[in-house]
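Asks: My structure is stored as coords.txt, with compact mmCIF, N, CA and C atoms.
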```txt
# COMPACT_ATOMS: atom_id res chain seq x y z
N MET A 1 -52.88 -37.48 10.96
CA MET A 1 -52.01 -36.46 10.42
C MET A 1 -51.26 -35.79 11.59
N VAL A 2 -50.03 -35.45 11.34
CA VAL A 2 -49.19 -34.77 12.33
C VAL A 2 -49.22 -33.28 12.03
N VAL A 3 -49.40 -32.47 13.08
CA VAL A 3 -49.48 -31.02 12.92
C VAL A 3 -48.47 -30.32 13.81
N ILE A 4 -48.07 -29.13 13.38
CA ILE A 4 -47.23 -28.25 14.19
C ILE A 4 -48.17 -27.16 14.68
N ARG A 5 -48.32 -27.05 16.02
CA ARG A 5 -49.26 -26.09 16.56
C ARG A 5 -48.77 -25.50 17.88
N LEU A 6 -49.50 -24.50 18.36
CA LEU A 6 -49.15 -23.84 19.61
C LEU A 6 -49.89 -24.50 20.77
N ASN A 7 -49.20 -24.65 21.88
CA ASN A 7 -49.74 -25.22 23.10
C ASN A 7 -49.56 -24.16 24.19
N ARG A 8 -50.68 -23.67 24.73
CA ARG A 8 -50.59 -22.58 25.71
C ARG A 8 -50.10 -23.08 27.06
N VAL A 9 -49.13 -22.36 27.60
CA VAL A 9 -48.63 -22.58 28.96
C VAL A 9 -48.54 -21.20 29.61
N GLY A 10 -48.25 -21.14 30.88
CA GLY A 10 -48.11 -19.85 31.53
C GLY A 10 -49.30 -19.51 32.40
N ALA A 11 -49.21 -18.39 33.05
CA ALA A 11 -50.22 -17.98 34.02
C ALA A 11 -51.40 -17.28 33.35
N LYS A 12 -52.43 -17.06 34.16
CA LYS A 12 -53.60 -16.34 33.70
C LYS A 12 -53.18 -14.91 33.34
N ARG A 13 -53.63 -14.44 32.20
CA ARG A 13 -53.32 -13.11 31.67
C ARG A 13 -51.85 -12.91 31.34
N ALA A 14 -51.08 -13.96 31.32
CA ALA A 14 -49.67 -13.89 30.92
C ALA A 14 -49.38 -15.09 30.03
N PRO A 15 -49.92 -15.08 28.79
CA PRO A 15 -49.80 -16.26 27.95
C PRO A 15 -48.38 -16.47 27.44
N LYS A 16 -48.00 -17.71 27.38
CA LYS A 16 -46.78 -18.16 26.73
C LYS A 16 -47.16 -19.43 25.99
N TYR A 17 -46.50 -19.70 24.91
CA TYR A 17 -46.86 -20.85 24.09
C TYR A 17 -45.63 -21.69 23.77
N ARG A 18 -45.83 -22.99 23.70
CA ARG A 18 -44.83 -23.90 23.16
C ARG A 18 -45.26 -24.23 21.74
N ILE A 19 -44.31 -24.29 20.85
CA ILE A 19 -44.59 -24.72 19.49
C ILE A 19 -44.25 -26.20 19.45
N THR A 20 -45.27 -27.03 19.24
CA THR A 20 -45.13 -28.47 19.38
C THR A 20 -45.55 -29.21 18.11
N VAL A 21 -45.09 -30.44 18.02
CA VAL A 21 -45.53 -31.37 16.99
C VAL A 21 -46.43 -32.38 17.69
N ALA A 22 -47.65 -32.55 17.16
CA ALA A 22 -48.59 -33.45 17.81
C ALA A 22 -49.47 -34.13 16.77
N ASP A 23 -50.11 -35.21 17.19
CA ASP A 23 -51.11 -35.87 16.36
C ASP A 23 -52.35 -34.99 16.35
N GLN A 24 -52.95 -34.82 15.21
CA GLN A 24 -54.10 -33.95 15.06
C GLN A 24 -55.27 -34.40 15.94
N ARG A 25 -55.37 -35.68 16.21
CA ARG A 25 -56.49 -36.21 16.99
C ARG A 25 -56.37 -35.92 18.48
N ARG A 26 -55.20 -35.56 18.95
CA ARG A 26 -55.00 -35.25 20.37
C ARG A 26 -55.54 -33.85 20.68
N SER A 27 -55.90 -33.63 21.94
CA SER A 27 -56.38 -32.31 22.34
C SER A 27 -55.23 -31.31 22.26
N LYS A 28 -55.57 -30.04 22.16
CA LYS A 28 -54.54 -29.00 22.00
C LYS A 28 -53.62 -28.91 23.20
N GLY A 29 -54.11 -29.23 24.38
CA GLY A 29 -53.27 -29.19 25.57
C GLY A 29 -52.76 -30.56 25.95
N GLY A 30 -52.98 -31.54 25.09
CA GLY A 30 -52.64 -32.92 25.41
C GLY A 30 -51.23 -33.32 25.02
N ARG A 31 -51.07 -34.62 24.83
CA ARG A 31 -49.76 -35.16 24.52
C ARG A 31 -49.22 -34.64 23.20
N PHE A 32 -47.91 -34.50 23.14
CA PHE A 32 -47.26 -34.06 21.91
C PHE A 32 -46.04 -34.93 21.67
N VAL A 33 -45.51 -34.84 20.46
CA VAL A 33 -44.36 -35.66 20.06
C VAL A 33 -43.06 -34.96 20.43
N GLU A 34 -42.96 -33.66 20.10
CA GLU A 34 -41.71 -32.94 20.32
C GLU A 34 -41.99 -31.44 20.45
N VAL A 35 -41.19 -30.77 21.25
CA VAL A 35 -41.26 -29.32 21.38
C VAL A 35 -40.23 -28.72 20.43
N LEU A 36 -40.68 -27.81 19.57
CA LEU A 36 -39.79 -27.18 18.60
C LEU A 36 -39.30 -25.80 19.04
N GLY A 37 -40.03 -25.18 19.95
CA GLY A 37 -39.62 -23.86 20.40
C GLY A 37 -40.67 -23.26 21.31
N SER A 38 -40.55 -21.96 21.53
CA SER A 38 -41.50 -21.26 22.38
C SER A 38 -41.79 -19.87 21.80
N TYR A 39 -42.94 -19.33 22.22
CA TYR A 39 -43.36 -18.00 21.76
C TYR A 39 -43.96 -17.25 22.93
N ASN A 40 -43.46 -16.05 23.18
CA ASN A 40 -43.97 -15.18 24.21
C ASN A 40 -44.48 -13.92 23.53
N PRO A 41 -45.81 -13.73 23.45
CA PRO A 41 -46.33 -12.55 22.74
C PRO A 41 -46.06 -11.24 23.46
N ASN A 42 -45.76 -11.28 24.77
CA ASN A 42 -45.49 -10.06 25.54
C ASN A 42 -44.17 -10.17 26.28
N PRO A 43 -43.04 -10.18 25.56
CA PRO A 43 -41.76 -10.31 26.26
C PRO A 43 -41.43 -9.03 27.03
N SER A 44 -40.78 -9.23 28.16
CA SER A 44 -40.37 -8.06 28.94
C SER A 44 -38.90 -8.21 29.31
N GLY A 45 -38.19 -7.12 29.27
CA GLY A 45 -36.78 -7.14 29.63
C GLY A 45 -35.94 -7.94 28.66
N ALA A 46 -35.20 -8.89 29.20
CA ALA A 46 -34.28 -9.68 28.39
C ALA A 46 -34.92 -10.94 27.80
N GLU A 47 -36.22 -11.14 28.02
CA GLU A 47 -36.89 -12.33 27.48
C GLU A 47 -36.98 -12.25 25.96
N LYS A 48 -36.88 -13.39 25.34
CA LYS A 48 -37.03 -13.46 23.89
C LYS A 48 -38.49 -13.69 23.55
N GLY A 49 -38.94 -13.09 22.47
CA GLY A 49 -40.31 -13.27 22.05
C GLY A 49 -40.53 -14.59 21.35
N LEU A 50 -39.59 -14.99 20.50
CA LEU A 50 -39.74 -16.19 19.70
C LEU A 50 -38.43 -16.96 19.68
N GLU A 51 -38.48 -18.21 20.09
CA GLU A 51 -37.34 -19.12 20.00
C GLU A 51 -37.83 -20.35 19.26
N LEU A 52 -37.16 -20.68 18.16
CA LEU A 52 -37.62 -21.78 17.32
C LEU A 52 -36.43 -22.48 16.69
N ASP A 53 -36.42 -23.81 16.75
CA ASP A 53 -35.37 -24.61 16.12
C ASP A 53 -35.80 -24.89 14.68
N LEU A 54 -35.30 -24.08 13.74
CA LEU A 54 -35.74 -24.17 12.35
C LEU A 54 -35.31 -25.47 11.68
N ILE A 55 -34.22 -26.06 12.13
CA ILE A 55 -33.77 -27.33 11.55
C ILE A 55 -34.78 -28.42 11.87
N LYS A 56 -35.26 -28.47 13.11
CA LYS A 56 -36.28 -29.45 13.49
C LYS A 56 -37.59 -29.20 12.75
N VAL A 57 -37.94 -27.92 12.58
CA VAL A 57 -39.17 -27.58 11.87
C VAL A 57 -39.10 -28.08 10.43
N GLN A 58 -37.99 -27.82 9.76
CA GLN A 58 -37.84 -28.26 8.38
C GLN A 58 -37.87 -29.78 8.27
N ALA A 59 -37.29 -30.47 9.26
CA ALA A 59 -37.31 -31.93 9.25
C ALA A 59 -38.74 -32.46 9.39
N TRP A 60 -39.53 -31.86 10.28
CA TRP A 60 -40.91 -32.31 10.46
C TRP A 60 -41.78 -31.99 9.25
N VAL A 61 -41.57 -30.84 8.64
CA VAL A 61 -42.32 -30.49 7.44
C VAL A 61 -41.97 -31.45 6.31
N ALA A 62 -40.71 -31.84 6.22
CA ALA A 62 -40.29 -32.81 5.21
C ALA A 62 -40.94 -34.18 5.44
N LYS A 63 -41.22 -34.50 6.70
CA LYS A 63 -41.89 -35.77 7.03
C LYS A 63 -43.39 -35.70 6.81
N GLY A 64 -43.92 -34.50 6.52
CA GLY A 64 -45.34 -34.37 6.23
C GLY A 64 -46.16 -33.64 7.27
N ALA A 65 -45.53 -33.05 8.28
CA ALA A 65 -46.27 -32.31 9.31
C ALA A 65 -46.83 -31.02 8.71
N GLN A 66 -48.08 -30.72 9.05
CA GLN A 66 -48.75 -29.53 8.54
C GLN A 66 -48.82 -28.47 9.64
N PRO A 67 -48.19 -27.30 9.46
CA PRO A 67 -48.30 -26.26 10.48
C PRO A 67 -49.66 -25.56 10.41
N THR A 68 -50.18 -25.14 11.57
CA THR A 68 -51.39 -24.35 11.59
C THR A 68 -51.07 -22.96 11.04
N LEU A 69 -52.10 -22.15 10.83
CA LEU A 69 -51.86 -20.82 10.27
C LEU A 69 -50.96 -19.97 11.17
N ARG A 70 -51.24 -19.99 12.47
CA ARG A 70 -50.43 -19.20 13.40
C ARG A 70 -49.00 -19.73 13.47
N ALA A 71 -48.86 -21.04 13.49
CA ALA A 71 -47.52 -21.63 13.54
C ALA A 71 -46.75 -21.30 12.25
N LYS A 72 -47.45 -21.31 11.13
CA LYS A 72 -46.80 -20.99 9.85
C LYS A 72 -46.29 -19.55 9.85
N SER A 73 -47.09 -18.63 10.39
CA SER A 73 -46.65 -17.24 10.42
C SER A 73 -45.46 -17.05 11.36
N LEU A 74 -45.42 -17.78 12.47
CA LEU A 74 -44.28 -17.69 13.39
C LEU A 74 -43.02 -18.30 12.76
N ILE A 75 -43.18 -19.36 12.00
CA ILE A 75 -42.03 -19.96 11.30
C ILE A 75 -41.45 -18.97 10.30
N LYS A 76 -42.31 -18.30 9.54
CA LYS A 76 -41.84 -17.30 8.58
C LYS A 76 -41.13 -16.15 9.29
N LYS A 77 -41.68 -15.73 10.44
CA LYS A 77 -41.06 -14.66 11.22
C LYS A 77 -39.68 -15.07 11.72
N ALA A 78 -39.54 -16.31 12.17
CA ALA A 78 -38.25 -16.80 12.66
C ALA A 78 -37.24 -16.91 11.52
N GLU A 79 -37.71 -17.36 10.36
CA GLU A 79 -36.81 -17.44 9.19
C GLU A 79 -36.35 -16.06 8.77
N ALA A 80 -37.24 -15.09 8.79
CA ALA A 80 -36.87 -13.72 8.41
C ALA A 80 -35.86 -13.13 9.38
N SER A 81 -36.04 -13.38 10.66
CA SER A 81 -35.09 -12.84 11.65
C SER A 81 -33.74 -13.54 11.56
N GLN A 82 -33.74 -14.80 11.16
CA GLN A 82 -32.47 -15.52 11.00
C GLN A 82 -31.71 -14.97 9.80
N ILE A 83 -32.41 -14.63 8.75
CA ILE A 83 -31.76 -14.08 7.55
C ILE A 83 -31.18 -12.71 7.86
N LYS A 84 -31.90 -11.90 8.66
CA LYS A 84 -31.40 -10.58 9.05
C LYS A 84 -30.09 -10.67 9.80
N ASN A 85 -30.01 -11.64 10.71
CA ASN A 85 -28.80 -11.76 11.54
C ASN A 85 -27.80 -12.51 10.79
```
Could you show the structure in this file as structure tokens?

Replies:
Amino acid sequence: MVVIRLNRVGAKRAPKYRITVADQRRSKGGRFVEVLGSYNPNPSGAEKGLELDLIKVQAWVAKGAQPTLRAKSLIKKAEASQIKN
């Protein structure tokens, strides 16, 4: 099964995440198929907190990719902010 999940990158005590599409059998920090965006839980200054390509996300979901709970909540947040703008 293909999943949409977060992959942690960044320094110690400064987490940043990539939102990736990967095979469920791979490790969380392992190989992935495609990067869909990024998430920074602690943005500072001009940094963006959430960047996500919703067109790619919808395409992967249409192909059968299952987002994790956290990824699903970030997708909803990105969709809501897109509607606002």

Asks: Quick one: residues within 7 Å of range 63-71 of chain A, all atoms listed in the file, excluding same-chain residues fewer than 2 positions away - as a list in words?

Replies: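 The filter keeps Met1, Val2, Val3, Ile4, Arg5, Leu6, Gln58, Ala59, Trp60, Val61, Ser73, Leu74, Ile75 and Lys76 of chain A.
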
Asks: May I have the selected residues written with N, CA and C atoms, as a PDB file, keeping the file's coordinate frame?

Replies:
```pdb
ATOM      1  N   MET A   1     -52.880 -37.480  10.960  1.00  0.00           N
ATOM      2  CA  MET A   1     -52.010 -36.460  10.420  1.00  0.00           C
ATOM      3  C   MET A   1     -51.260 -35.790  11.590  1.00  0.00           C
ATOM      4  N   VAL A   2     -50.030 -35.450  11.340  1.00  0.00           N
ATOM      5  CA  VAL A   2     -49.190 -34.770  12.330  1.00  0.00           C
ATOM      6  C   VAL A   2     -49.220 -33.280  12.030  1.00  0.00           C
ATOM      7  N   VAL A   3     -49.400 -32.470  13.080  1.00  0.00           N
ATOM      8  CA  VAL A   3     -49.480 -31.020  12.920  1.00  0.00           C
ATOM      9  C   VAL A   3     -48.470 -30.320  13.810  1.00  0.00           C
ATOM     10  N   ILE A   4     -48.070 -29.130  13.380  1.00  0.00           N
ATOM     11  CA  ILE A   4     -47.230 -28.250  14.190  1.00  0.00           C
ATOM     12  C   ILE A   4     -48.170 -27.160  14.680  1.00  0.00           C
ATOM     13  N   ARG A   5     -48.320 -27.050  16.020  1.00  0.00           N
ATOM     14  CA  ARG A   5     -49.260 -26.090  16.560  1.00  0.00           C
ATOM     15  C   ARG A   5     -48.770 -25.500  17.880  1.00  0.00           C
ATOM     16  N   LEU A   6     -49.500 -24.500  18.360  1.00  0.00           N
ATOM     17  CA  LEU A   6     -49.150 -23.840  19.610  1.00  0.00           C
ATOM     18  C   LEU A   6     -49.890 -24.500  20.770  1.00  0.00           C
ATOM     19  N   GLN A  58     -37.990 -27.820   9.760  1.00  0.00           N
ATOM     20  CA  GLN A  58     -37.840 -28.260   8.380  1.00  0.00           C
ATOM     21  C   GLN A  58     -37.870 -29.780   8.270  1.00  0.00           C
ATOM     22  N   ALA A  59     -37.290 -30.470   9.260  1.00  0.00           N
ATOM     23  CA  ALA A  59     -37.310 -31.930   9.250  1.00  0.00           C
ATOM     24  C   ALA A  59     -38.740 -32.460   9.390  1.00  0.00           C
ATOM     25  N   TRP A  60     -39.530 -31.860  10.280  1.00  0.00           N
ATOM     26  CA  TRP A  60     -40.910 -32.310  10.460  1.00  0.00           C
ATOM     27  C   TRP A  60     -41.780 -31.990   9.250  1.00  0.00           C
ATOM     28  N   VAL A  61     -41.570 -30.840   8.640  1.00  0.00           N
ATOM     29  CA  VAL A  61     -42.320 -30.490   7.440  1.00  0.00           C
ATOM     30  C   VAL A  61     -41.970 -31.450   6.310  1.00  0.00           C
ATOM     31  N   SER A  73     -47.090 -18.630  10.390  1.00  0.00           N
ATOM     32  CA  SER A  73     -46.650 -17.240  10.420  1.00  0.00           C
ATOM     33  C   SER A  73     -45.460 -17.050  11.360  1.00  0.00           C
ATOM     34  N   LEU A  74     -45.420 -17.780  12.470  1.00  0.00           N
ATOM     35  CA  LEU A  74     -44.280 -17.690  13.390  1.00  0.00           C
ATOM     36  C   LEU A  74     -43.020 -18.300  12.760  1.00  0.00           C
ATOM     37  N   ILE A  75     -43.180 -19.360  12.000  1.00  0.00           N
ATOM     38  CA  ILE A  75     -42.030 -19.960  11.300  1.00  0.00           C
ATOM     39  C   ILE A  75     -41.450 -18.970  10.300  1.00  0.00           C
ATOM     40  N   LYS A  76     -42.310 -18.300   9.540  1.00  0.00           N
ATOM     41  CA  LYS A  76     -41.840 -17.300   8.580  1.00  0.00           C
ATOM     42  C   LYS A  76     -41.130 -16.150   9.290  1.00  0.00           C
TER      43      LYS A  76
END
```

Asks: What does the distance between atom N of Gly10 in chain A and CA of Tyr39 in chain A come to in Å, to one decimal place?

Replies: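 Computed distance, atom N of Gly10 in chain A to CA of Tyr39 in chain A, equals 10.8 Å.
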
Asks: Run DSSP on the backbone and give me the residues of chain A it puts in helix (DSSP H, G or I), as a list in words.

Replies: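 Secondary structure check on chain A, helix (DSSP H, G or I): Leu54, Ile55, Lys56, Val57, Gln58, Ala59, Trp60, Val61, Ala62, Leu69, Arg70, Ala71, Lys72, Ser73, Leu74, Ile75, Lys76, Lys77, Ala78, Glu79, Ala80, Ser81, Gln82, Ile83 and Lys84 of chain A.
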
Asks: Can you pull out the residues contacting Ile19 in chain A? Cut-off 6 Å, using only N, CA and C atoms, and skip same-chain residues under 2 positions away; I want them as a ChimeraX atom specification.

Replies: /A:5-7,17,21,34-39

Asks: How big is the axis-aligned box around all listed atoms of range 16-31 of chain A once 6 Å goes on each side, and where's its centre, in Å to one decimal, as JSON?

Replies:
```
{"center_x": -50.4, "center_y": -27.0, "center_z": 21.2, "size_x": 24.2, "size_y": 30.5, "size_z": 24.3}
```

Asks: Mind pulling up the distance from CA of Thr20 in chain A to CA of Val33 in chain A?

Replies: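 Between these atoms lies a distance of 7.3 Å.
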
Asks: Missing atoms in range 24-44 of chain A should be modelled up to N, CA, C and O atoms and reported as a PDB file, keeping the file's coordinate frame.

Replies:
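Below is the file part_33.pdb, written as the result:
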```pdb
ATOM      1  N   GLN A  24     -52.950 -34.820  15.210  1.00  0.00           N
ATOM      2  CA  GLN A  24     -54.100 -33.950  15.060  1.00  0.00           C
ATOM      3  C   GLN A  24     -55.270 -34.400  15.940  1.00  0.00           C
ATOM      4  O   GLN A  24     -56.060 -33.584  16.407  1.00  0.00           O
ATOM      5  N   ARG A  25     -55.370 -35.680  16.210  1.00  0.00           N
ATOM      6  CA  ARG A  25     -56.490 -36.210  16.990  1.00  0.00           C
ATOM      7  C   ARG A  25     -56.370 -35.920  18.480  1.00  0.00           C
ATOM      8  O   ARG A  25     -57.341 -36.031  19.215  1.00  0.00           O
ATOM      9  N   ARG A  26     -55.200 -35.560  18.950  1.00  0.00           N
ATOM     10  CA  ARG A  26     -55.000 -35.250  20.370  1.00  0.00           C
ATOM     11  C   ARG A  26     -55.540 -33.850  20.680  1.00  0.00           C
ATOM     12  O   ARG A  26     -55.598 -32.993  19.814  1.00  0.00           O
ATOM     13  N   SER A  27     -55.900 -33.630  21.940  1.00  0.00           N
ATOM     14  CA  SER A  27     -56.380 -32.310  22.340  1.00  0.00           C
ATOM     15  C   SER A  27     -55.230 -31.310  22.260  1.00  0.00           C
ATOM     16  O   SER A  27     -54.057 -31.669  22.340  1.00  0.00           O
ATOM     17  N   LYS A  28     -55.570 -30.040  22.160  1.00  0.00           N
ATOM     18  CA  LYS A  28     -54.540 -29.000  22.000  1.00  0.00           C
ATOM     19  C   LYS A  28     -53.620 -28.910  23.200  1.00  0.00           C
ATOM     20  O   LYS A  28     -52.466 -28.561  23.072  1.00  0.00           O
ATOM     21  N   GLY A  29     -54.110 -29.230  24.380  1.00  0.00           N
ATOM     22  CA  GLY A  29     -53.270 -29.190  25.570  1.00  0.00           C
ATOM     23  C   GLY A  29     -52.760 -30.560  25.950  1.00  0.00           C
ATOM     24  O   GLY A  29     -52.156 -30.730  27.004  1.00  0.00           O
ATOM     25  N   GLY A  30     -52.980 -31.540  25.090  1.00  0.00           N
ATOM     26  CA  GLY A  30     -52.640 -32.920  25.410  1.00  0.00           C
ATOM     27  C   GLY A  30     -51.230 -33.320  25.020  1.00  0.00           C
ATOM     28  O   GLY A  30     -50.330 -32.481  24.894  1.00  0.00           O
ATOM     29  N   ARG A  31     -51.070 -34.620  24.830  1.00  0.00           N
ATOM     30  CA  ARG A  31     -49.760 -35.160  24.520  1.00  0.00           C
ATOM     31  C   ARG A  31     -49.220 -34.640  23.200  1.00  0.00           C
ATOM     32  O   ARG A  31     -49.975 -34.390  22.263  1.00  0.00           O
ATOM     33  N   PHE A  32     -47.910 -34.500  23.140  1.00  0.00           N
ATOM     34  CA  PHE A  32     -47.260 -34.060  21.910  1.00  0.00           C
ATOM     35  C   PHE A  32     -46.040 -34.930  21.670  1.00  0.00           C
ATOM     36  O   PHE A  32     -45.584 -35.646  22.544  1.00  0.00           O
ATOM     37  N   VAL A  33     -45.510 -34.840  20.460  1.00  0.00           N
ATOM     38  CA  VAL A  33     -44.360 -35.660  20.060  1.00  0.00           C
ATOM     39  C   VAL A  33     -43.060 -34.960  20.430  1.00  0.00           C
ATOM     40  O   VAL A  33     -42.161 -35.575  21.001  1.00  0.00           O
ATOM     41  N   GLU A  34     -42.960 -33.660  20.100  1.00  0.00           N
ATOM     42  CA  GLU A  34     -41.710 -32.940  20.320  1.00  0.00           C
ATOM     43  C   GLU A  34     -41.990 -31.440  20.450  1.00  0.00           C
ATOM     44  O   GLU A  34     -42.897 -30.915  19.808  1.00  0.00           O
ATOM     45  N   VAL A  35     -41.190 -30.770  21.250  1.00  0.00           N
ATOM     46  CA  VAL A  35     -41.260 -29.320  21.380  1.00  0.00           C
ATOM     47  C   VAL A  35     -40.230 -28.720  20.430  1.00  0.00           C
ATOM     48  O   VAL A  35     -39.050 -29.066  20.479  1.00  0.00           O
ATOM     49  N   LEU A  36     -40.680 -27.810  19.570  1.00  0.00           N
ATOM     50  CA  LEU A  36     -39.790 -27.180  18.600  1.00  0.00           C
ATOM     51  C   LEU A  36     -39.300 -25.800  19.040  1.00  0.00           C
ATOM     52  O   LEU A  36     -38.295 -25.315  18.537  1.00  0.00           O
ATOM     53  N   GLY A  37     -40.030 -25.180  19.950  1.00  0.00           N
ATOM     54  CA  GLY A  37     -39.620 -23.860  20.400  1.00  0.00           C
ATOM     55  C   GLY A  37     -40.670 -23.260  21.310  1.00  0.00           C
ATOM     56  O   GLY A  37     -41.585 -23.938  21.769  1.00  0.00           O
ATOM     57  N   SER A  38     -40.550 -21.960  21.530  1.00  0.00           N
ATOM     58  CA  SER A  38     -41.500 -21.260  22.380  1.00  0.00           C
ATOM     59  C   SER A  38     -41.790 -19.870  21.800  1.00  0.00           C
ATOM     60  O   SER A  38     -40.992 -19.314  21.048  1.00  0.00           O
ATOM     61  N   TYR A  39     -42.940 -19.330  22.220  1.00  0.00           N
ATOM     62  CA  TYR A  39     -43.360 -18.000  21.760  1.00  0.00           C
ATOM     63  C   TYR A  39     -43.960 -17.250  22.930  1.00  0.00           C
ATOM     64  O   TYR A  39     -44.844 -17.752  23.616  1.00  0.00           O
ATOM     65  N   ASN A  40     -43.460 -16.050  23.180  1.00  0.00           N
ATOM     66  CA  ASN A  40     -43.970 -15.180  24.210  1.00  0.00           C
ATOM     67  C   ASN A  40     -44.480 -13.920  23.530  1.00  0.00           C
ATOM     68  O   ASN A  40     -43.692 -13.110  23.060  1.00  0.00           O
ATOM     69  N   PRO A  41     -45.810 -13.730  23.450  1.00  0.00           N
ATOM     70  CA  PRO A  41     -46.330 -12.550  22.740  1.00  0.00           C
ATOM     71  C   PRO A  41     -46.060 -11.240  23.460  1.00  0.00           C
ATOM     72  O   PRO A  41     -46.112 -10.186  22.834  1.00  0.00           O
ATOM     73  N   ASN A  42     -45.760 -11.280  24.770  1.00  0.00           N
ATOM     74  CA  ASN A  42     -45.490 -10.060  25.540  1.00  0.00           C
ATOM     75  C   ASN A  42     -44.170 -10.170  26.280  1.00  0.00           C
ATOM     76  O   ASN A  42     -44.138 -10.218  27.507  1.00  0.00           O
ATOM     77  N   PRO A  43     -43.040 -10.180  25.560  1.00  0.00           N
ATOM     78  CA  PRO A  43     -41.760 -10.310  26.260  1.00  0.00           C
ATOM     79  C   PRO A  43     -41.430  -9.030  27.030  1.00  0.00           C
ATOM     80  O   PRO A  43     -41.776  -7.928  26.611  1.00  0.00           O
ATOM     81  N   SER A  44     -40.780  -9.230  28.160  1.00  0.00           N
ATOM     82  CA  SER A  44     -40.370  -8.060  28.940  1.00  0.00           C
ATOM     83  C   SER A  44     -38.900  -8.210  29.310  1.00  0.00           C
ATOM     84  O   SER A  44     -38.424  -9.303  29.613  1.00  0.00           O
TER      85      SER A  44
END
```
